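The file my_file_1.csv contains CSV, N, CA, C and O atoms:
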chain,number,residue,atom,x,y,z
A,1,MET,N,-2.6,41.6,-26.7
A,1,MET,CA,-3.7,40.7,-26.2
A,1,MET,C,-4.0,39.6,-27.1
A,1,MET,O,-4.5,38.5,-26.7
A,2,LYS,N,-3.8,39.8,-28.4
A,2,LYS,CA,-4.1,38.7,-29.4
A,2,LYS,C,-3.0,37.6,-29.3
A,2,LYS,O,-3.3,36.5,-29.7
A,3,LEU,N,-1.9,37.9,-28.7
A,3,LEU,CA,-0.8,36.9,-28.6
A,3,LEU,C,-1.2,35.8,-27.6
A,3,LEU,O,-0.8,34.6,-27.8
A,4,ILE,N,-1.9,36.1,-26.6
A,4,ILE,CA,-2.2,35.1,-25.5
A,4,ILE,C,-3.1,34.0,-26.1
A,4,ILE,O,-2.7,32.8,-25.9
A,5,PRO,N,-4.2,34.2,-26.8
A,5,PRO,CA,-4.9,33.1,-27.4
A,5,PRO,C,-4.1,32.3,-28.4
A,5,PRO,O,-4.3,31.1,-28.4
A,6,ILE,N,-3.3,32.9,-29.1
A,6,ILE,CA,-2.5,32.2,-30.1
A,6,ILE,C,-1.5,31.3,-29.4
A,6,ILE,O,-1.3,30.2,-29.8
A,7,LEU,N,-0.8,31.8,-28.4
A,7,LEU,CA,0.1,31.0,-27.6
A,7,LEU,C,-0.6,29.8,-26.9
A,7,LEU,O,-0.1,28.7,-26.8
A,8,LEU,N,-1.8,30.1,-26.4
A,8,LEU,CA,-2.6,29.0,-25.7
A,8,LEU,C,-3.0,27.9,-26.7
A,8,LEU,O,-2.8,26.7,-26.4
A,9,ILE,N,-3.4,28.3,-27.9
A,9,ILE,CA,-3.8,27.3,-28.9
A,9,ILE,C,-2.5,26.5,-29.3
A,9,ILE,O,-2.6,25.3,-29.5
A,10,ALA,N,-1.4,27.2,-29.6
A,10,ALA,CA,-0.2,26.6,-30.0
A,10,ALA,C,0.3,25.6,-28.9
A,10,ALA,O,0.7,24.5,-29.2
A,11,MET,N,0.2,26.0,-27.6
A,11,MET,CA,0.6,25.1,-26.5
A,11,MET,C,-0.3,23.9,-26.4
A,11,MET,O,0.2,22.8,-26.3
A,12,LEU,N,-1.6,24.0,-26.6
A,12,LEU,CA,-2.5,22.9,-26.5
A,12,LEU,C,-2.3,21.9,-27.7
A,12,LEU,O,-2.4,20.7,-27.6
A,13,THR,N,-2.1,22.4,-28.9
A,13,THR,CA,-1.9,21.6,-30.1
A,13,THR,C,-0.6,20.9,-30.2
A,13,THR,O,-0.5,19.9,-30.8
A,14,LEU,N,0.5,21.5,-29.7
A,14,LEU,CA,1.8,21.0,-29.9
A,14,LEU,C,2.3,20.2,-28.7
A,14,LEU,O,3.4,19.6,-28.8
A,15,SER,N,1.5,20.2,-27.6
A,15,SER,CA,2.0,19.5,-26.4
A,15,SER,C,1.5,18.1,-26.4
A,15,SER,O,0.4,17.8,-26.8
A,16,SER,N,2.3,17.2,-25.9
A,16,SER,CA,1.9,15.8,-25.5
A,16,SER,C,2.9,15.4,-24.5
A,16,SER,O,3.9,16.1,-24.2
A,17,CYS,N,2.6,14.2,-23.9
A,17,CYS,CA,3.5,13.8,-22.8
A,17,CYS,C,3.9,12.3,-23.0
A,17,CYS,O,3.1,11.6,-23.6
A,18,SER,N,5.0,12.0,-22.5
A,18,SER,CA,5.4,10.6,-22.4
A,18,SER,C,6.2,10.4,-21.1
A,18,SER,O,7.0,11.2,-20.8
A,19,LEU,N,5.8,9.4,-20.3
A,19,LEU,CA,6.4,9.2,-19.0
A,19,LEU,C,6.8,7.7,-19.0
A,19,LEU,O,6.0,6.8,-19.2
A,20,THR,N,8.0,7.4,-18.6
A,20,THR,CA,8.5,6.1,-18.4
A,20,THR,C,8.9,5.9,-16.9
A,20,THR,O,9.7,6.7,-16.5
A,21,ALA,N,8.4,4.9,-16.3
A,21,ALA,CA,8.8,4.7,-14.9
A,21,ALA,C,9.3,3.3,-14.7
A,21,ALA,O,8.5,2.3,-14.8
A,22,PRO,N,10.6,3.1,-14.5
A,22,PRO,CA,11.2,1.8,-14.4
A,22,PRO,C,10.9,1.3,-12.9
A,22,PRO,O,11.1,2.0,-12.0
A,23,HIS,N,10.6,0.0,-12.8
A,23,HIS,CA,10.4,-0.6,-11.5
A,23,HIS,C,11.3,-1.8,-11.5
A,23,HIS,O,11.0,-2.8,-12.3
A,24,SER,N,12.3,-1.8,-10.7
A,24,SER,CA,13.2,-2.9,-10.7
A,24,SER,C,12.7,-4.0,-9.8
A,24,SER,O,12.3,-3.7,-8.6
A,25,TYR,N,12.7,-5.2,-10.2
A,25,TYR,CA,12.3,-6.3,-9.4
A,25,TYR,C,13.3,-7.4,-9.5
A,25,TYR,O,13.2,-8.3,-10.4
A,26,CYS,N,14.4,-7.3,-8.8
A,26,CYS,CA,15.4,-8.3,-8.9
A,26,CYS,C,15.6,-8.9,-7.5
A,26,CYS,O,16.1,-8.3,-6.6
A,27,SER,N,15.2,-10.2,-7.4
A,27,SER,CA,15.3,-10.8,-6.1
A,27,SER,C,16.1,-12.1,-6.3
A,27,SER,O,16.0,-12.8,-7.4
A,28,ASN,N,16.9,-12.5,-5.3
A,28,ASN,CA,17.7,-13.7,-5.4
A,28,ASN,C,18.6,-13.8,-6.6
A,28,ASN,O,18.7,-14.8,-7.3
A,29,ASN,N,19.2,-12.6,-6.9
A,29,ASN,CA,20.2,-12.5,-8.0
A,29,ASN,C,19.5,-12.9,-9.4
A,29,ASN,O,20.2,-13.5,-10.2
A,30,THR,N,18.3,-12.5,-9.6
A,30,THR,CA,17.6,-12.8,-10.9
A,30,THR,C,18.2,-11.8,-11.9
A,30,THR,O,18.2,-10.6,-11.7
A,31,LYS,N,18.6,-12.3,-13.0
A,31,LYS,CA,19.1,-11.4,-14.1
A,31,LYS,C,17.9,-10.9,-14.9
A,31,LYS,O,16.8,-11.3,-14.7
A,32,VAL,N,18.2,-9.9,-15.7
A,32,VAL,CA,17.2,-9.2,-16.4
A,32,VAL,C,16.5,-10.2,-17.4
A,32,VAL,O,15.3,-10.2,-17.5
A,33,GLY,N,17.2,-11.0,-18.1
A,33,GLY,CA,16.6,-12.0,-19.0
A,33,GLY,C,16.6,-11.7,-20.4
A,33,GLY,O,16.9,-10.5,-20.8
A,34,ASN,N,16.3,-12.6,-21.2
A,34,ASN,CA,16.3,-12.5,-22.7
A,34,ASN,C,15.0,-12.2,-23.3
A,34,ASN,O,14.9,-11.9,-24.5
A,35,LYS,N,13.9,-12.4,-22.6
A,35,LYS,CA,12.6,-12.3,-23.1
A,35,LYS,C,12.0,-10.9,-22.6
A,35,LYS,O,12.3,-10.4,-21.6
A,36,ARG,N,11.1,-10.4,-23.5
A,36,ARG,CA,10.5,-9.1,-23.1
A,36,ARG,C,9.0,-9.1,-23.6
A,36,ARG,O,8.7,-9.4,-24.7
A,37,GLY,N,8.1,-8.8,-22.7
A,37,GLY,CA,6.7,-8.8,-22.9
A,37,GLY,C,6.1,-7.5,-22.8
A,37,GLY,O,6.7,-6.6,-22.1
A,38,LYS,N,5.0,-7.2,-23.5
A,38,LYS,CA,4.3,-5.9,-23.5
A,38,LYS,C,2.8,-6.1,-23.4
A,38,LYS,O,2.2,-7.0,-24.0
A,39,ALA,N,2.2,-5.3,-22.5
A,39,ALA,CA,0.7,-5.2,-22.5
A,39,ALA,C,0.3,-3.8,-22.3
A,39,ALA,O,0.9,-3.0,-21.6
A,40,CYS,N,-0.7,-3.4,-23.1
A,40,CYS,CA,-1.1,-2.0,-23.2
A,40,CYS,C,-2.6,-1.8,-22.9
A,40,CYS,O,-3.4,-2.7,-23.2
A,41,SER,N,-3.0,-0.6,-22.5
A,41,SER,CA,-4.4,-0.3,-22.4
A,41,SER,C,-4.6,1.2,-22.8
A,41,SER,O,-3.6,2.0,-22.7
A,42,ARG,N,-5.8,1.6,-23.2
A,42,ARG,CA,-6.1,2.9,-23.6
A,42,ARG,C,-7.2,3.5,-22.8
A,42,ARG,O,-8.1,2.8,-22.3
A,43,HIS,N,-7.1,4.8,-22.6
A,43,HIS,CA,-8.0,5.6,-21.8
A,43,HIS,C,-8.4,6.9,-22.4
A,43,HIS,O,-7.6,7.6,-23.0
A,44,VAL,N,-9.7,7.2,-22.4
A,44,VAL,CA,-10.2,8.5,-22.8
A,44,VAL,C,-10.9,9.2,-21.7
A,44,VAL,O,-11.9,8.6,-21.1
A,45,LEU,N,-10.5,10.4,-21.3
A,45,LEU,CA,-11.1,11.1,-20.2
A,45,LEU,C,-11.1,10.3,-18.9
A,45,LEU,O,-12.1,10.3,-18.2
A,46,GLY,N,-10.1,9.5,-18.7
A,46,GLY,CA,-10.0,8.7,-17.5
A,46,GLY,C,-10.8,7.4,-17.6
A,46,GLY,O,-10.8,6.7,-16.6
A,47,ILE,N,-11.4,7.1,-18.7
A,47,ILE,CA,-12.3,5.9,-18.8
A,47,ILE,C,-11.5,4.9,-19.6
A,47,ILE,O,-11.1,5.2,-20.7
A,48,HIS,N,-11.4,3.7,-19.1
A,48,HIS,CA,-10.7,2.6,-19.7
A,48,HIS,C,-11.5,2.2,-21.0
A,48,HIS,O,-12.7,1.9,-20.8
A,49,ILE,N,-10.9,2.2,-22.1
A,49,ILE,CA,-11.6,1.8,-23.4
A,49,ILE,C,-11.1,0.5,-24.0
A,49,ILE,O,-11.7,0.1,-25.0
A,50,GLY,N,-10.0,0.0,-23.5
A,50,GLY,CA,-9.6,-1.3,-24.1
A,50,GLY,C,-8.2,-1.6,-23.6
A,50,GLY,O,-7.4,-0.8,-23.3
A,51,GLY,N,-7.9,-2.9,-23.7
A,51,GLY,CA,-6.6,-3.5,-23.3
A,51,GLY,C,-6.5,-3.8,-21.8
A,51,GLY,O,-7.3,-3.4,-21.0
A,52,LYS,N,-5.4,-4.6,-21.5
A,52,LYS,CA,-5.2,-4.9,-20.1
A,52,LYS,C,-3.7,-4.8,-19.9
A,52,LYS,O,-2.9,-5.6,-20.2
A,53,ALA,N,-3.3,-3.6,-19.3
A,53,ALA,CA,-1.9,-3.3,-19.0
A,53,ALA,C,-1.6,-3.8,-17.7
A,53,ALA,O,-1.5,-3.1,-16.7
A,54,HIS,N,-1.3,-5.1,-17.5
A,54,HIS,CA,-1.0,-5.7,-16.3
A,54,HIS,C,0.3,-6.5,-16.4
A,54,HIS,O,0.6,-7.0,-17.5
A,55,VAL,N,1.1,-6.6,-15.4
A,55,VAL,CA,2.3,-7.3,-15.4
A,55,VAL,C,2.1,-8.8,-15.8
A,55,VAL,O,2.8,-9.4,-16.6
A,56,TYR,N,1.0,-9.4,-15.2
A,56,TYR,CA,0.7,-10.8,-15.5
A,56,TYR,C,0.5,-11.0,-17.0
A,56,TYR,O,1.0,-12.0,-17.6
A,57,ASN,N,-0.3,-10.1,-17.7
A,57,ASN,CA,-0.5,-10.3,-19.1
A,57,ASN,C,0.7,-10.1,-19.9
A,57,ASN,O,0.9,-10.8,-20.9
A,58,ALA,N,1.6,-9.2,-19.6
A,58,ALA,CA,2.8,-9.0,-20.3
A,58,ALA,C,3.8,-10.2,-20.1
A,58,ALA,O,4.4,-10.6,-21.1
A,59,ALA,N,3.9,-10.7,-18.9
A,59,ALA,CA,4.7,-11.9,-18.7
A,59,ALA,C,4.1,-13.1,-19.4
A,59,ALA,O,4.9,-13.9,-20.0
A,60,ARG,N,2.8,-13.3,-19.3
A,60,ARG,CA,2.2,-14.5,-19.9
A,60,ARG,C,2.4,-14.4,-21.5
A,60,ARG,O,2.6,-15.5,-22.1
A,61,GLY,N,2.2,-13.2,-22.1
A,61,GLY,CA,2.4,-13.1,-23.5
A,61,GLY,C,3.7,-13.5,-24.0
A,61,GLY,O,3.9,-14.0,-25.1
A,62,ALA,N,4.8,-13.2,-23.2
A,62,ALA,CA,6.2,-13.5,-23.6
A,62,ALA,C,6.6,-14.8,-23.0
A,62,ALA,O,7.8,-15.2,-23.2
A,63,LYS,N,5.8,-15.5,-22.3
A,63,LYS,CA,6.1,-16.8,-21.6
A,63,LYS,C,7.3,-16.6,-20.7
A,63,LYS,O,8.3,-17.4,-20.7
A,64,ILE,N,7.2,-15.6,-19.8
A,64,ILE,CA,8.2,-15.3,-18.8
A,64,ILE,C,7.7,-15.9,-17.5
A,64,ILE,O,6.6,-15.6,-17.0
A,65,SER,N,8.6,-16.7,-16.8
A,65,SER,CA,8.3,-17.3,-15.5
A,65,SER,C,9.0,-16.6,-14.4
A,65,SER,O,8.6,-16.6,-13.3
A,66,LYS,N,10.2,-16.0,-14.7
A,66,LYS,CA,11.0,-15.3,-13.7
A,66,LYS,C,11.1,-13.8,-14.2
A,66,LYS,O,11.8,-13.6,-15.2
A,67,ILE,N,10.5,-12.9,-13.5
A,67,ILE,CA,10.5,-11.5,-13.9
A,67,ILE,C,11.8,-10.8,-13.3
A,67,ILE,O,12.2,-10.9,-12.2
A,68,GLY,N,12.5,-10.1,-14.2
A,68,GLY,CA,13.7,-9.3,-13.8
A,68,GLY,C,13.4,-7.9,-13.7
A,68,GLY,O,13.8,-7.3,-12.7
A,69,VAL,N,12.8,-7.2,-14.7
A,69,VAL,CA,12.5,-5.8,-14.6
A,69,VAL,C,11.1,-5.5,-15.1
A,69,VAL,O,10.6,-6.2,-16.1
A,70,ILE,N,10.4,-4.6,-14.5
A,70,ILE,CA,9.1,-4.1,-14.9
A,70,ILE,C,9.2,-2.6,-15.2
A,70,ILE,O,9.7,-1.9,-14.4
A,71,ASP,N,8.7,-2.2,-16.4
A,71,ASP,CA,8.7,-0.8,-16.8
A,71,ASP,C,7.3,-0.4,-17.2
A,71,ASP,O,6.5,-1.2,-17.7
A,72,GLU,N,6.9,0.8,-16.9
A,72,GLU,CA,5.6,1.3,-17.3
A,72,GLU,C,5.8,2.6,-18.1
A,72,GLU,O,6.7,3.3,-17.9
A,73,GLN,N,5.0,2.7,-19.2
A,73,GLN,CA,5.1,3.9,-20.0
A,73,GLN,C,3.8,4.5,-20.3
A,73,GLN,O,2.8,3.8,-20.6
A,74,TYR,N,3.6,5.8,-20.0
A,74,TYR,CA,2.4,6.5,-20.3
A,74,TYR,C,2.7,7.5,-21.5
A,74,TYR,O,3.7,8.2,-21.4
A,75,SER,N,1.8,7.5,-22.5
A,75,SER,CA,2.0,8.4,-23.6
A,75,SER,C,0.6,8.9,-24.0
A,75,SER,O,-0.4,8.2,-23.8
A,76,GLY,N,0.6,10.1,-24.6
A,76,GLY,CA,-0.7,10.7,-25.1
A,76,GLY,C,-0.9,12.1,-24.6
A,76,GLY,O,0.1,12.8,-24.2
A,77,PHE,N,-2.1,12.5,-24.6
A,77,PHE,CA,-2.5,13.9,-24.2
A,77,PHE,C,-3.4,13.8,-23.0
A,77,PHE,O,-4.6,13.8,-23.0
A,78,PHE,N,-2.7,13.7,-21.8
A,78,PHE,CA,-3.4,13.5,-20.5
A,78,PHE,C,-4.2,14.7,-20.2
A,78,PHE,O,-3.7,15.8,-20.3
A,79,PRO,N,-5.4,14.6,-19.7
A,79,PRO,CA,-6.2,13.5,-19.3
A,79,PRO,C,-7.2,13.1,-20.4
A,79,PRO,O,-8.1,12.2,-20.3
A,80,PHE,N,-7.1,13.7,-21.6
A,80,PHE,CA,-8.1,13.5,-22.7
A,80,PHE,C,-7.9,12.1,-23.3
A,80,PHE,O,-8.8,11.4,-23.5
A,81,TYR,N,-6.7,11.7,-23.6
A,81,TYR,CA,-6.4,10.4,-24.2
A,81,TYR,C,-5.0,10.0,-23.7
A,81,TYR,O,-4.0,10.8,-23.8
A,82,TYR,N,-4.8,8.8,-23.3
A,82,TYR,CA,-3.5,8.3,-23.0
A,82,TYR,C,-3.4,6.8,-23.1
A,82,TYR,O,-4.5,6.1,-23.0
A,83,LYS,N,-2.2,6.3,-23.3
A,83,LYS,CA,-2.0,4.9,-23.5
A,83,LYS,C,-1.0,4.5,-22.4
A,83,LYS,O,0.0,5.1,-22.2
A,84,LYS,N,-1.3,3.4,-21.7
A,84,LYS,CA,-0.4,2.9,-20.7
A,84,LYS,C,0.1,1.5,-21.1
A,84,LYS,O,-0.7,0.7,-21.5
A,85,CYS,N,1.4,1.4,-21.2
A,85,CYS,CA,2.0,0.1,-21.5
A,85,CYS,C,2.9,-0.4,-20.4
A,85,CYS,O,3.6,0.4,-19.8
A,86,VAL,N,2.9,-1.7,-20.2
A,86,VAL,CA,3.7,-2.3,-19.2
A,86,VAL,C,4.6,-3.3,-19.9
A,86,VAL,O,4.2,-4.1,-20.7
A,87,TYR,N,5.9,-3.1,-19.6
A,87,TYR,CA,7.0,-3.9,-20.3
A,87,TYR,C,7.6,-4.8,-19.2
A,87,TYR,O,8.0,-4.3,-18.1
A,88,VAL,N,7.7,-6.1,-19.4
A,88,VAL,CA,8.3,-7.0,-18.5
A,88,VAL,C,9.5,-7.7,-19.2
A,88,VAL,O,9.3,-8.2,-20.3
A,89,SER,N,10.6,-7.8,-18.5
A,89,SER,CA,11.8,-8.5,-19.0
A,89,SER,C,12.1,-9.6,-18.0
A,89,SER,O,12.0,-9.4,-16.8
A,90,GLY,N,12.6,-10.8,-18.5
A,90,GLY,CA,12.9,-11.9,-17.6
A,90,GLY,C,13.1,-13.1,-18.4
A,90,GLY,O,13.4,-13.1,-19.6
A,91,ASP,N,13.1,-14.2,-17.7
A,91,ASP,CA,13.3,-15.6,-18.3
A,91,ASP,C,12.1,-16.4,-18.2
A,91,ASP,O,11.3,-16.3,-17.3

As structure tokens, how would this structure be written, given the file I've shared?
Amino acid sequence: MKLIPILLIAMLTLSSCSLTAPHSYCSNNTKVGNKRGKACSRHVLGIHIGGKAHVYNAARGAKISKIGVIDEQYSGFFPFYYKKCVYVSGD
């Protein structure tokens, strides 16, 4: 019975997650492009605490006018703390 709390504590302290979800947006034979932009936001207990992880912000930061690929990445210890980043590639 002492093993269960030890395993639970080990599981909670050693676990984290990272999720990447690619979203392809290629219209009219748009190539992926040479530029890459990034925009991130942070959340604690589901509450937004900073940053703007939007496609518009990522594209504007890298001066991209034609978007080729959009990627999203979530990392952290959900739902307590996580970081969402949006990556945009294009020209």

### Task
Could you please determine the separation between atom N of Asn34 of chain A and atom O of Ser89 of chain A in Å, to one decimal place?
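Spanning atom N of Asn34 of chain A to atom O of Ser89 of chain A is a straight-line distance of 6.9 Å.
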
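Restricting the calculation to all atoms listed in the file, the smallest distance between Leu45 of chain A and any of A:Asp91, A:Lys2, A:Phe78, A:Ile9 is found for A:Phe78.
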
## Note on the structure
A straight line from atom N of Val86 of chain A to atom CA of Val69 of chain A spans 11.8 Å

### Task
Tell me, as a ChimeraX atom specification, which residues lie within 4.5 Å of Gly37 of chain A, counting all atoms listed in the file; anything in the same chain fewer than 3 positions away does not count.
/A:58,86-88

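When only C-alpha atoms are used to measure the gap to Lys38 of chain A, the shortest distance among A:Gly68, A:Gly61, A:Pro5, A:Gly50 belongs to A:Gly61.
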